[in-house]
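Pasting final-v2.csv here (CSV, C-alpha atoms):
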chain,number,residue,atom,x,y,z
A,16,MET,CA,0.0,0.0,0.0
A,17,LYS,CA,1.7,3.2,-1.2
A,18,ILE,CA,0.3,6.5,0.1
A,19,LEU,CA,1.0,10.1,-0.9
A,20,ILE,CA,0.7,12.8,1.7
A,21,VAL,CA,0.2,16.3,0.4
A,22,ASP,CA,0.4,19.3,2.8
A,23,ASP,CA,2.4,22.5,2.6
A,24,PHE,CA,3.5,22.2,6.3
A,25,SER,CA,6.2,19.7,6.8
A,26,THR,CA,5.2,19.2,10.4
A,27,MET,CA,1.7,18.2,9.5
A,28,ARG,CA,3.1,15.8,6.8
A,29,ARG,CA,5.3,14.3,9.5
A,30,ILE,CA,2.3,13.9,12.0
A,31,ILE,CA,0.2,12.1,9.3
A,32,LYS,CA,3.2,10.0,8.3
A,33,ASN,CA,3.7,8.9,11.9
A,34,LEU,CA,0.0,8.1,12.4
A,35,LEU,CA,-0.1,6.1,9.2
A,36,ARG,CA,3.0,4.1,10.3
A,37,ASP,CA,1.2,3.3,13.6
A,38,LEU,CA,-1.7,2.0,11.5
A,39,GLY,CA,0.7,-0.2,9.6
A,40,PHE,CA,1.2,1.9,6.5
A,41,SER,CA,4.9,2.6,6.2
A,42,ASN,CA,5.2,3.1,2.5
A,43,THR,CA,4.5,6.8,2.3
A,44,GLU,CA,5.8,9.7,0.2
A,45,GLU,CA,5.3,13.4,0.5
A,46,ALA,CA,4.5,16.5,-1.6
A,47,ASP,CA,4.0,20.1,-0.5
A,48,ASP,CA,1.2,21.1,-2.9
A,49,GLY,CA,-1.0,19.9,-5.8
A,50,THR,CA,1.4,21.0,-8.5
A,51,THR,CA,4.2,18.7,-7.1
A,52,ALA,CA,1.7,15.9,-6.2
A,53,LEU,CA,0.0,15.5,-9.6
A,54,PRO,CA,3.0,14.4,-11.6
A,55,MET,CA,4.0,12.1,-8.7
A,56,LEU,CA,0.5,10.5,-8.8
A,57,GLU,CA,0.6,10.2,-12.6
A,58,ASN,CA,4.0,8.6,-12.7
A,59,GLY,CA,3.9,6.4,-9.6
A,60,HIS,CA,1.6,3.7,-8.4
A,61,TYR,CA,-0.2,5.1,-5.4
A,62,ASP,CA,-3.0,3.4,-3.7
A,63,PHE,CA,-4.2,6.2,-1.5
A,64,LEU,CA,-4.0,10.0,-1.4
A,65,VAL,CA,-4.2,12.2,1.8
A,66,THR,CA,-4.3,15.9,1.0
A,67,ASP,CA,-4.7,19.2,2.6
A,68,TRP,CA,-7.1,21.8,1.0
A,69,ASN,CA,-5.3,25.2,1.5
A,70,MET,CA,-1.9,25.1,-0.2
A,71,PRO,CA,0.1,27.5,-2.4
A,72,GLY,CA,0.3,26.5,-6.0
A,73,MET,CA,-2.5,24.0,-6.6
A,74,SER,CA,-5.0,23.6,-3.8
A,75,GLY,CA,-6.2,20.2,-2.6
A,76,ILE,CA,-9.7,20.7,-4.1
A,77,ASP,CA,-8.1,21.4,-7.5
A,78,LEU,CA,-5.9,18.4,-7.1
A,79,LEU,CA,-8.9,16.2,-6.3
A,80,ARG,CA,-10.7,17.5,-9.4
A,81,LYS,CA,-7.6,16.7,-11.6
A,82,VAL,CA,-7.4,13.2,-10.1
A,83,ARG,CA,-11.1,12.5,-10.8
A,84,ALA,CA,-10.7,13.9,-14.3
A,85,SER,CA,-7.7,11.7,-15.1
A,86,ASP,CA,-8.3,8.3,-16.7
A,87,LYS,CA,-5.5,6.7,-14.8
A,88,LEU,CA,-6.3,8.2,-11.4
A,89,ARG,CA,-10.1,8.5,-11.3
A,90,ALA,CA,-10.5,5.6,-8.9
A,91,LEU,CA,-7.8,6.6,-6.4
A,92,PRO,CA,-9.3,6.9,-2.9
A,93,VAL,CA,-8.8,10.5,-1.6
A,94,LEU,CA,-8.9,11.6,2.0
A,95,MET,CA,-9.0,15.3,2.7
A,96,VAL,CA,-7.4,16.4,6.0
A,97,THR,CA,-7.9,20.1,6.3
A,98,ALA,CA,-8.7,23.1,8.5
A,99,GLU,CA,-11.4,24.2,6.0
A,100,ALA,CA,-14.6,23.9,8.0
A,101,LYS,CA,-17.3,25.7,6.0
A,102,ARG,CA,-20.3,23.5,5.2
A,103,ASP,CA,-20.2,24.7,1.6
A,104,GLN,CA,-16.6,23.6,1.3
A,105,ILE,CA,-17.4,20.1,2.6
A,106,ILE,CA,-20.3,19.8,0.2
A,107,GLU,CA,-18.0,21.0,-2.6
A,108,ALA,CA,-15.4,18.4,-1.8
A,109,ALA,CA,-18.1,15.7,-1.6
A,110,GLN,CA,-19.4,16.8,-5.0
A,111,ALA,CA,-15.8,16.7,-6.4
A,112,GLY,CA,-15.6,13.1,-5.3
A,113,VAL,CA,-13.7,13.0,-2.1
A,114,ASN,CA,-13.9,9.7,-0.2
A,115,GLY,CA,-13.4,11.1,3.3
A,116,TYR,CA,-13.1,14.5,5.1
A,117,VAL,CA,-11.2,15.1,8.3
A,118,VAL,CA,-11.1,18.5,9.9
A,119,LYS,CA,-8.0,19.7,11.7
A,120,PRO,CA,-7.3,19.5,14.6
A,121,PHE,CA,-7.9,15.8,14.5
A,122,THR,CA,-7.1,12.7,16.6
A,123,ALA,CA,-5.3,9.5,15.7
A,124,GLN,CA,-8.6,7.7,16.3
A,125,VAL,CA,-10.5,9.8,13.8
A,126,LEU,CA,-7.9,9.4,11.1
A,127,LYS,CA,-7.9,5.6,11.7
A,128,GLU,CA,-11.7,5.4,11.5
A,129,LYS,CA,-11.9,7.4,8.2
A,130,ILE,CA,-9.1,5.4,6.5
A,131,GLU,CA,-10.6,2.1,7.6
A,132,LYS,CA,-14.1,3.2,6.3
A,133,ILE,CA,-12.6,4.2,3.0
A,134,PHE,CA,-10.9,0.9,2.5
A,135,GLU,CA,-14.0,-1.0,3.6
A,136,ARG,CA,-16.0,0.7,0.9
A,137,VAL,CA,-13.3,0.4,-1.8
A,138,ASN,CA,-12.8,-3.3,-1.1
A,139,GLY,CA,-16.4,-4.1,-0.5
B,90,MET,CA,-12.2,66.7,10.9
B,91,ASN,CA,-14.0,69.8,12.3
B,92,SER,CA,-12.2,72.0,9.8
B,93,SER,CA,-13.3,69.7,7.0
B,94,GLN,CA,-16.9,70.0,8.1
B,95,THR,CA,-16.5,73.8,8.2
B,96,SER,CA,-15.1,74.0,4.7
B,97,LEU,CA,-17.7,71.6,3.4
B,98,GLY,CA,-20.4,73.6,5.3
B,99,GLU,CA,-19.1,76.8,3.8
B,100,PHE,CA,-19.2,75.3,0.3
B,101,GLU,CA,-22.7,74.0,0.8
B,102,SER,CA,-24.0,77.4,2.1
B,103,THR,CA,-22.3,79.3,-0.7
B,104,LEU,CA,-23.8,76.8,-3.2
B,105,LYS,CA,-27.3,77.3,-1.8
B,106,LYS,CA,-27.0,81.1,-1.7
B,107,HIS,CA,-25.5,81.3,-5.2
B,108,ALA,CA,-28.1,78.9,-6.6
B,109,GLN,CA,-30.9,81.2,-5.7
B,110,GLU,CA,-29.0,84.3,-7.0
B,111,LEU,CA,-28.2,82.3,-10.1
B,112,VAL,CA,-31.9,81.5,-10.8
B,113,GLU,CA,-32.8,85.2,-10.2
B,114,SER,CA,-30.1,86.5,-12.5
B,115,LEU,CA,-31.1,84.1,-15.2
B,116,GLU,CA,-34.8,85.0,-14.8
B,117,ARG,CA,-33.9,88.7,-15.1
B,118,GLY,CA,-31.7,88.0,-18.1
B,119,ARG,CA,-28.4,89.2,-16.5
B,120,PHE,CA,-26.2,86.6,-18.0
B,121,GLY,CA,-22.9,88.3,-17.1
B,122,GLU,CA,-23.9,88.2,-13.5
B,123,ALA,CA,-24.9,84.5,-13.8
B,124,VAL,CA,-21.5,83.6,-15.3
B,125,GLN,CA,-19.8,85.5,-12.5
B,126,LEU,CA,-21.8,83.5,-9.9
B,127,ILE,CA,-20.8,80.2,-11.6
B,128,HIS,CA,-17.2,81.3,-11.5
B,129,GLU,CA,-17.4,82.1,-7.8
B,130,LEU,CA,-19.0,78.8,-7.1
B,131,ASN,CA,-16.3,77.0,-9.0
B,132,GLN,CA,-13.7,78.9,-7.0
B,133,THR,CA,-15.2,78.0,-3.6
B,134,ARG,CA,-15.4,74.3,-4.7
B,135,ASP,CA,-11.8,74.3,-5.9
B,136,ARG,CA,-10.6,75.9,-2.7
B,137,GLY,CA,-12.3,73.3,-0.6
B,138,LEU,CA,-11.1,70.5,-2.8
B,139,TYR,CA,-7.5,71.8,-2.7
B,140,GLN,CA,-7.7,72.1,1.1
B,141,GLU,CA,-9.0,68.5,1.5
B,142,VAL,CA,-6.5,67.0,-0.9
B,143,GLY,CA,-3.8,68.9,1.0
B,144,LYS,CA,-5.0,67.5,4.3
B,145,LEU,CA,-5.2,64.0,2.8
B,146,THR,CA,-1.7,64.3,1.4
B,147,ARG,CA,-0.3,65.5,4.8
B,148,GLU,CA,-2.1,62.7,6.6
B,149,LEU,CA,-0.8,60.1,4.1
B,150,HIS,CA,2.7,61.5,4.5
B,151,SER,CA,2.5,61.3,8.3
B,152,ALA,CA,1.1,57.7,8.0
B,153,ILE,CA,4.1,56.8,5.8
B,154,VAL,CA,6.5,58.4,8.3
B,155,SER,CA,4.9,56.8,11.3
B,156,PHE,CA,4.9,53.3,9.8
B,157,GLN,CA,8.3,53.9,8.2
B,158,ILE,CA,7.0,52.2,5.0
B,159,ASP,CA,9.3,54.1,2.7
B,160,PRO,CA,13.0,53.3,3.4
B,161,THR,CA,14.2,56.4,1.4
B,162,ILE,CA,12.7,58.9,3.9
B,163,PRO,CA,15.2,60.0,6.6
B,164,GLN,CA,13.0,59.0,9.5
B,165,ALA,CA,13.0,55.3,8.4
B,166,GLU,CA,14.9,53.0,10.6
B,167,GLU,CA,16.9,50.1,9.1
B,168,VAL,CA,13.7,48.3,8.2
B,169,SER,CA,10.1,49.5,8.0
B,170,GLN,CA,7.6,48.5,10.7
B,171,ILE,CA,5.7,46.5,8.2
B,172,THR,CA,8.8,44.6,7.0
B,173,ASP,CA,9.7,44.2,10.6
B,174,ALA,CA,6.3,42.7,11.4
B,175,THR,CA,6.6,40.4,8.4
B,176,GLU,CA,9.9,39.2,9.6
B,177,ARG,CA,8.6,38.7,13.1
B,178,LEU,CA,5.8,36.5,11.8
B,179,SER,CA,8.2,34.5,9.7
B,180,TYR,CA,10.1,34.0,13.0
B,181,VAL,CA,7.0,32.7,14.6
B,182,VAL,CA,6.5,30.2,11.8
B,183,LYS,CA,10.2,29.2,12.1
B,184,LEU,CA,10.0,28.8,15.9
B,185,THR,CA,6.8,26.8,15.9
B,186,GLU,CA,8.1,24.6,13.1
B,187,GLY,CA,11.3,24.0,15.0
B,188,ALA,CA,9.5,23.2,18.3
B,189,ALA,CA,7.1,20.8,16.5
B,190,ASN,CA,10.0,19.0,14.8
B,191,ARG,CA,12.1,18.9,18.0
B,192,THR,CA,9.1,17.3,19.9
B,193,MET,CA,8.5,14.8,17.1
B,194,ASP,CA,12.2,13.9,17.0
B,195,LEU,CA,12.2,13.2,20.8
B,196,VAL,CA,8.9,11.2,20.5
B,197,GLU,CA,10.4,9.1,17.7
B,198,GLU,CA,13.6,8.5,19.7
B,199,SER,CA,11.6,7.5,22.8
B,200,THR,CA,9.2,5.1,21.1
B,201,PRO,CA,11.8,2.4,20.2
B,202,VAL,CA,13.3,2.6,23.7
B,203,LEU,CA,9.9,1.9,25.3
B,204,ASN,CA,9.0,-0.8,22.7
B,205,GLY,CA,12.4,-2.5,23.3
B,206,LEU,CA,11.8,-2.6,27.1
B,207,ALA,CA,8.2,-3.8,26.6
B,208,THR,CA,9.4,-6.7,24.4
B,209,GLU,CA,12.2,-7.6,26.9
B,210,ALA,CA,9.8,-7.5,29.8
B,211,ASN,CA,7.2,-9.7,28.1
B,212,ALA,CA,9.8,-12.4,27.3
B,213,LEU,CA,11.1,-12.2,30.8
B,214,SER,CA,7.7,-12.3,32.3
B,215,ALA,CA,6.8,-15.6,30.5
B,216,ASP,CA,10.0,-17.3,31.8
B,217,TRP,CA,9.5,-15.8,35.3
B,218,GLN,CA,6.0,-17.4,35.5
B,219,ARG,CA,7.7,-20.7,34.6
B,220,PHE,CA,10.2,-20.1,37.4
B,221,MET,CA,7.4,-19.4,39.9
B,222,ARG,CA,5.7,-22.7,38.8
B,223,ARG,CA,9.2,-24.3,39.5
B,224,GLU,CA,9.5,-25.4,35.9
B,225,VAL,CA,13.0,-23.9,35.5
B,226,ALA,CA,16.1,-26.1,35.8
B,227,ALA,CA,19.2,-24.8,37.7
B,228,THR,CA,21.3,-24.1,34.5
B,229,GLU,CA,18.4,-22.3,32.9
B,230,PHE,CA,17.9,-20.3,36.1
B,231,ARG,CA,21.4,-19.0,36.0
B,232,ASP,CA,20.7,-17.7,32.5
B,233,LEU,CA,17.4,-16.2,33.7
B,234,VAL,CA,19.2,-14.4,36.5
B,235,LYS,CA,21.6,-12.8,34.0
B,236,ARG,CA,18.7,-11.7,31.8
B,237,VAL,CA,16.9,-10.2,34.7
B,238,ASP,CA,20.1,-8.4,35.7
B,239,SER,CA,20.6,-7.0,32.2
B,240,PHE,CA,16.9,-6.0,31.9
B,241,LEU,CA,17.2,-4.0,35.1
B,242,THR,CA,20.2,-2.2,33.7
B,243,HIS,CA,18.4,-1.6,30.3
B,244,SER,CA,15.3,-0.5,32.2
B,245,ALA,CA,17.3,2.1,34.2
B,246,GLU,CA,19.1,3.4,31.1
B,247,GLY,CA,15.8,3.5,29.1
B,248,ASN,CA,14.1,5.3,31.9
B,249,ARG,CA,16.8,7.9,32.1
B,250,LYS,CA,16.7,8.4,28.4
B,251,VAL,CA,12.9,8.7,28.1
B,252,ALA,CA,12.8,11.0,31.2
B,253,GLY,CA,15.4,13.2,29.6
B,254,HIS,CA,13.4,13.3,26.3
B,255,LEU,CA,10.2,14.2,28.2
B,256,ASN,CA,12.0,17.0,29.9
B,257,ASP,CA,13.3,18.2,26.5
B,258,ILE,CA,9.8,18.0,25.1
B,259,LEU,CA,8.7,20.2,28.0
B,260,LEU,CA,11.4,22.7,27.2
B,261,ALA,CA,10.5,22.7,23.5
B,262,GLN,CA,7.2,24.3,24.5
B,263,ASP,CA,9.0,27.6,25.4
B,264,TYR,CA,8.2,28.8,21.9
B,265,GLN,CA,4.7,29.7,23.2
B,266,ASP,CA,6.1,32.5,25.4
B,267,LEU,CA,8.3,33.9,22.6
B,268,THR,CA,5.8,33.7,19.8
B,269,GLY,CA,3.0,35.0,22.1
B,270,GLN,CA,5.1,38.2,22.7
B,271,VAL,CA,5.8,38.6,19.0
B,272,ILE,CA,2.2,38.1,17.9
B,273,LYS,CA,0.9,40.6,20.5
B,274,ARG,CA,3.3,43.2,19.1
B,275,VAL,CA,2.2,42.6,15.5
B,276,THR,CA,-1.4,42.6,16.6
B,277,ALA,CA,-0.9,46.1,18.2
B,278,LEU,CA,0.7,47.3,14.9
B,279,VAL,CA,-2.1,46.0,12.8
B,280,THR,CA,-4.7,47.7,15.0
B,281,GLU,CA,-2.8,51.0,14.7
B,282,VAL,CA,-2.5,50.7,10.9
B,283,GLU,CA,-6.2,49.9,10.7
B,284,SER,CA,-7.2,53.0,12.7
B,285,ASN,CA,-4.9,55.2,10.7
B,286,LEU,CA,-6.2,53.8,7.4
B,287,LEU,CA,-9.7,54.5,8.6
B,288,LYS,CA,-8.8,58.1,9.2
B,289,LEU,CA,-7.4,58.3,5.7
B,290,VAL,CA,-10.5,56.9,4.2
B,291,MET,CA,-12.6,59.4,6.1
B,292,MET,CA,-10.5,62.3,4.8
B,293,ALA,CA,-10.6,60.8,1.3
B,294,SER,CA,-14.4,60.7,1.5
B,295,GLN,CA,-14.4,64.5,2.1
B,296,VAL,CA,-12.4,64.9,-1.2
B,297,ASP,CA,-15.0,62.7,-2.9
B,298,ARG,CA,-17.8,65.0,-1.7
B,299,PHE,CA,-16.2,68.2,-2.9
B,300,ALA,CA,-15.3,66.6,-6.3
B,301,GLY,CA,-18.7,64.8,-6.5
B,302,ILE,CA,-17.0,61.4,-7.1
B,303,GLN,CA,-19.3,58.4,-6.8
B,304,HIS,CA,-17.8,55.0,-6.3
B,305,ASP,CA,-19.3,51.9,-7.9
B,306,GLN,CA,-20.3,50.0,-4.8
B,307,ASP,CA,-21.5,47.0,-6.8
B,308,GLN,CA,-18.2,46.7,-8.5
B,309,LEU,CA,-16.3,47.0,-5.1
B,310,ARG,CA,-18.5,44.3,-3.6
B,311,ALA,CA,-18.0,42.0,-6.7
B,312,GLU,CA,-14.2,42.4,-6.3
B,313,LYS,CA,-14.5,41.5,-2.6
B,314,ASP,CA,-16.5,38.4,-3.5
B,315,ARG,CA,-14.0,37.3,-6.0
B,316,GLU,CA,-11.3,37.4,-3.3
B,317,LYS,CA,-13.5,35.0,-1.2
B,318,HIS,CA,-13.4,32.3,-3.8
B,319,PRO,CA,-13.8,29.0,-2.0
B,320,THR,CA,-11.1,27.2,-4.0
B,321,ARG,CA,-8.4,29.1,-2.2
B,322,GLY,CA,-9.7,28.1,1.2
B,323,GLU,CA,-10.0,30.2,4.3
B,324,GLY,CA,-7.8,28.4,6.8
B,325,PRO,CA,-8.9,27.6,10.3
B,326,GLN,CA,-12.2,29.1,11.5
B,327,ILE,CA,-11.7,31.2,14.6
B,328,HIS,CA,-15.4,31.6,15.6
B,329,ALA,CA,-16.7,28.2,14.5
B,330,ASP,CA,-19.1,27.9,17.4
B,331,LYS,CA,-20.8,31.2,16.5
B,332,ARG,CA,-21.2,30.6,12.8
B,333,GLU,CA,-24.0,28.6,11.2
B,334,ASP,CA,-22.2,28.0,8.0
B,335,VAL,CA,-19.2,26.4,9.6
B,336,VAL,CA,-19.0,22.9,11.2
B,337,SER,CA,-17.9,22.8,14.8
B,338,GLY,CA,-16.0,19.5,14.7
B,339,GLN,CA,-15.6,16.1,13.1
B,340,ASP,CA,-19.0,14.9,14.3
B,341,ASP,CA,-20.6,17.8,12.4
B,342,VAL,CA,-18.6,16.8,9.3
B,343,ASP,CA,-19.7,13.2,9.6
B,344,ASP,CA,-23.4,14.2,10.0
B,345,LEU,CA,-23.2,16.5,7.0
B,346,LEU,CA,-21.6,13.9,4.8
B,347,SER,CA,-24.0,11.2,5.9
B,348,SER,CA,-26.9,13.5,5.0
B,349,LEU,CA,-25.3,13.7,1.5
B,350,GLY,CA,-25.4,9.9,1.3
B,351,PHE,CA,-21.8,9.1,2.4

Same coordinates, now as structure tokens:
Amino acid sequence: MKILIVDDFSTMRRIIKNLLRDLGFSNTEEADDGTTALPMLENGHYDFLVTDWNMPGMSGIDLLRKVRASDKLRALPVLMVTAEAKRDQIIEAAQAGVNGYVVKPFTAQVLKEKIEKIFERVNG
Amino acid sequence: MNSSQTSLGEFESTLKKHAQELVESLERGRFGEAVQLIHELNQTRDRGLYQEVGKLTRELHSAIVSFQIDPTIPQAEEVSQITDATERLSYVVKLTEGAANRTMDLVEESTPVLNGLATEANALSADWQRFMRREVAATEFRDLVKRVDSFLTHSAEGNRKVAGHLNDILLAQDYQDLTGQVIKRVTALVTEVESNLLKLVMMASQVDRFAGIQHDQDQLRAEKDREKHPTRGEGPQIHADKREDVVSGQDDVDDLLSSLGF
């Protein structure tokens, strides 16, 4: 299971990376915004994408739209982990095809639940 | 502000007085007199306008001086206050990032120590239970004693190490004091800049009244809305509990998503 973590803050990437490792996912790579992440996704074989919303360059919601518009990536499960908390934004992300939405600050338990739920649905 | 009101009041009373006179002159067919009145009106308006523009310019200049925005003016210190504030905020980002990384380094160094001790203790515990049940032979017992001895040493070392790391994690939190001070100073500056900008806007509105300038409010509002485009995001919500359009936590997000069929 190869996971790409996209966030403009290295500390947040590190926190997510550590939590994912605790959950048994140690094959992770990092990108600091959508512009860097998209070519990595297109050229690598990732099974899961965890992305922030608000980033310089390409935002997480735009990255999500690009992923869903790409023939190769359209089925990639995407979890958004973000401080963006407006109802309209959550609806927008849902309409853009996000698989899970976690608001910051979050707990290890919440991240675990959402990831498990996504895989349950993807595999089931 | 009082003098602006006076000059504006003077202009308005002149305007009223001359308007009546102008109508009378025109009705009586005295066109020369009418043109003279229009000329006087223009002069009063121009005088007021020049006065207000002058005041606005002076205020703008003193704002620039007080915030030391322009490094070419003699009053400027090495850096302007705005540049200084920007540098201070970058320092906050650097300091909080450093503290977060230092804390995570120490946690990552402590975890294997604790895991190692736990593994060792579990293995020893199984053999110790066997010893209590008298299932351990004399030769094996000597080996067990050695293992207990080495575990006690490891345990003391590990304990010292983790206790040291915990203490360092505590110390890494000192950024709160330093960043708190910096942020309070920048907040004070922002408040000062805001009140001065407001003063400038009030003065500029006097100029607008003299010059009869009307701003396109719809266009201004449209520009503001464009800035609010949701794609860019808004960052953390500060008053989430007071706003209807914002979720107050993960439970709210889950409820909203499940209402959308997630």

Contact check, chain A to chain B, at most 10 Å, counting all atoms listed in the file, closest pairs as a Markdown table:
| residue | atom | partner | partner_atom | distance |
| --- | --- | --- | --- | --- |
| A:Phe24 | CA | B:Glu186 | CA | 8.6 |
| A:Ser25 | CA | B:Glu186 | CA | 8.2 |
| A:Thr26 | CA | B:Asn190 | CA | 6.5 |
| A:Met27 | CA | B:Ala189 | CA | 9.2 |
| A:Arg29 | CA | B:Met193 | CA | 8.3 |
| A:Ile30 | CA | B:Met193 | CA | 8.1 |
| A:Asn33 | CA | B:Glu197 | CA | 8.9 |
| A:Trp68 | CA | B:Gly322 | CA | 6.8 |
| A:Asn69 | CA | B:Gly322 | CA | 5.3 |
| A:Met70 | CA | B:Arg321 | CA | 7.9 |
| A:Pro71 | CA | B:Arg321 | CA | 8.7 |
| A:Gly72 | CA | B:Arg321 | CA | 9.8 |
| A:Met73 | CA | B:Arg321 | CA | 9.0 |
| A:Ser74 | CA | B:Arg321 | CA | 6.7 |
| A:Gly75 | CA | B:Thr320 | CA | 8.7 |
| A:Ile76 | CA | B:Thr320 | CA | 6.6 |
| A:Asp77 | CA | B:Thr320 | CA | 7.4 |
| A:Thr97 | CA | B:Gly324 | CA | 8.3 |
| A:Ala98 | CA | B:Pro325 | CA | 4.9 |
| A:Glu99 | CA | B:Gly324 | CA | 5.6 |
| A:Ala100 | CA | B:Val335 | CA | 5.5 |
| A:Lys101 | CA | B:Val335 | CA | 4.1 |
| A:Arg102 | CA | B:Val335 | CA | 5.4 |
| A:Asp103 | CA | B:Asp334 | CA | 7.5 |
| A:Gln104 | CA | B:Pro319 | CA | 6.9 |
| A:Ile105 | CA | B:Val342 | CA | 7.6 |
| A:Ile106 | CA | B:Leu346 | CA | 7.6 |
| A:Glu107 | CA | B:Pro319 | CA | 9.1 |
| A:Ala109 | CA | B:Leu346 | CA | 7.5 |
| A:Gln110 | CA | B:Leu349 | CA | 9.3 |
| A:Asn114 | CA | B:Phe351 | CA | 8.3 |
| A:Gly115 | CA | B:Phe351 | CA | 8.7 |
| A:Tyr116 | CA | B:Val342 | CA | 7.3 |
| A:Val117 | CA | B:Gln339 | CA | 6.6 |
| A:Val118 | CA | B:Gln339 | CA | 6.0 |
| A:Lys119 | CA | B:Pro325 | CA | 8.1 |
| A:Pro120 | CA | B:Gly338 | CA | 8.7 |
| A:Phe121 | CA | B:Gln339 | CA | 7.8 |
| A:Thr122 | CA | B:Gln339 | CA | 9.8 |
| A:Val125 | CA | B:Gln339 | CA | 8.1 |
| A:Lys129 | CA | B:Asp343 | CA | 9.8 |

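The residue set within 8 Å of segment 211-218 of chain B, counting only C-alpha atoms and dropping same-chain residues fewer than 4 places from it, reads B:Ala207, B:Arg222, B:Leu233, B:Arg236, B:Val237.
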
Would you export the selected residues with C-alpha atoms as an mmCIF file, keeping the file's coordinate frame, please?
data_model
loop_
_atom_site.group_PDB
_atom_site.id
_atom_site.type_symbol
_atom_site.label_atom_id
_atom_site.label_comp_id
_atom_site.auth_asym_id
_atom_site.auth_seq_id
_atom_site.Cartn_x
_atom_site.Cartn_y
_atom_site.Cartn_z
ATOM 1 C CA ALA B 207 8.200 -3.800 26.600
ATOM 2 C CA ARG B 222 5.700 -22.700 38.800
ATOM 3 C CA LEU B 233 17.400 -16.200 33.700
ATOM 4 C CA ARG B 236 18.700 -11.700 31.800
ATOM 5 C CA VAL B 237 16.900 -10.200 34.700
#

- Message: Between atom CA of Thr276 of chain B and atom CA of Arg310 of chain B, what distance in Å does the model show, to one decimal?
- Response: 26.5 Å

- Near Leu78 of chain A, counting all atoms listed in the file, which residues have an atom at most 8 Å away, once you skip same-chain residues fewer than 6 positions from it, shown as a PyMOL selection string? chain A and resi 49-50+53

- Query: Skipping near chain neighbours, those fewer than 5 positions away, what residues fall within 10 Å of Leu38 of chain A using all atoms listed in the file, listed as a ChimeraX atom specification?
  - Reply: /A:32-33,123,126-127,130-131

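Using all atoms listed in the file, the residues found no farther than 7 Å from segment 136-151 of chain B, other than those of its own chain fewer than 2 positions away, are B:Ser96, B:Leu97, B:Gln132, B:Thr133, B:Arg134, B:Ile153, B:Val154, B:Ser155, B:Leu289, B:Met292, B:Ala293, B:Gln295, B:Val296, B:Phe299, B:Ala300.
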
- Query: Interatomic distance between atom CA of Asp305 of chain B and atom CA of Phe100 of chain B?
  - Reply: 24.8 Å

- Distance query segment 102-111 of chain B at most 7 Å, all atoms listed in the file, self and fewer than 3 positions along chain excluded, as an NGL selection string: :B and (98-99 or 114-115 or 123 or 126 or 130)

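With distances taken over all atoms listed in the file, A:Lys17 is the one residue among A:Lys17, A:His60, A:Arg28, A:Arg89 lying closest to Thr43 of chain A.
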
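Here atom CA of Val196 of chain B stands at a distance of 26.1 Å from atom CA of Phe63 of chain A.
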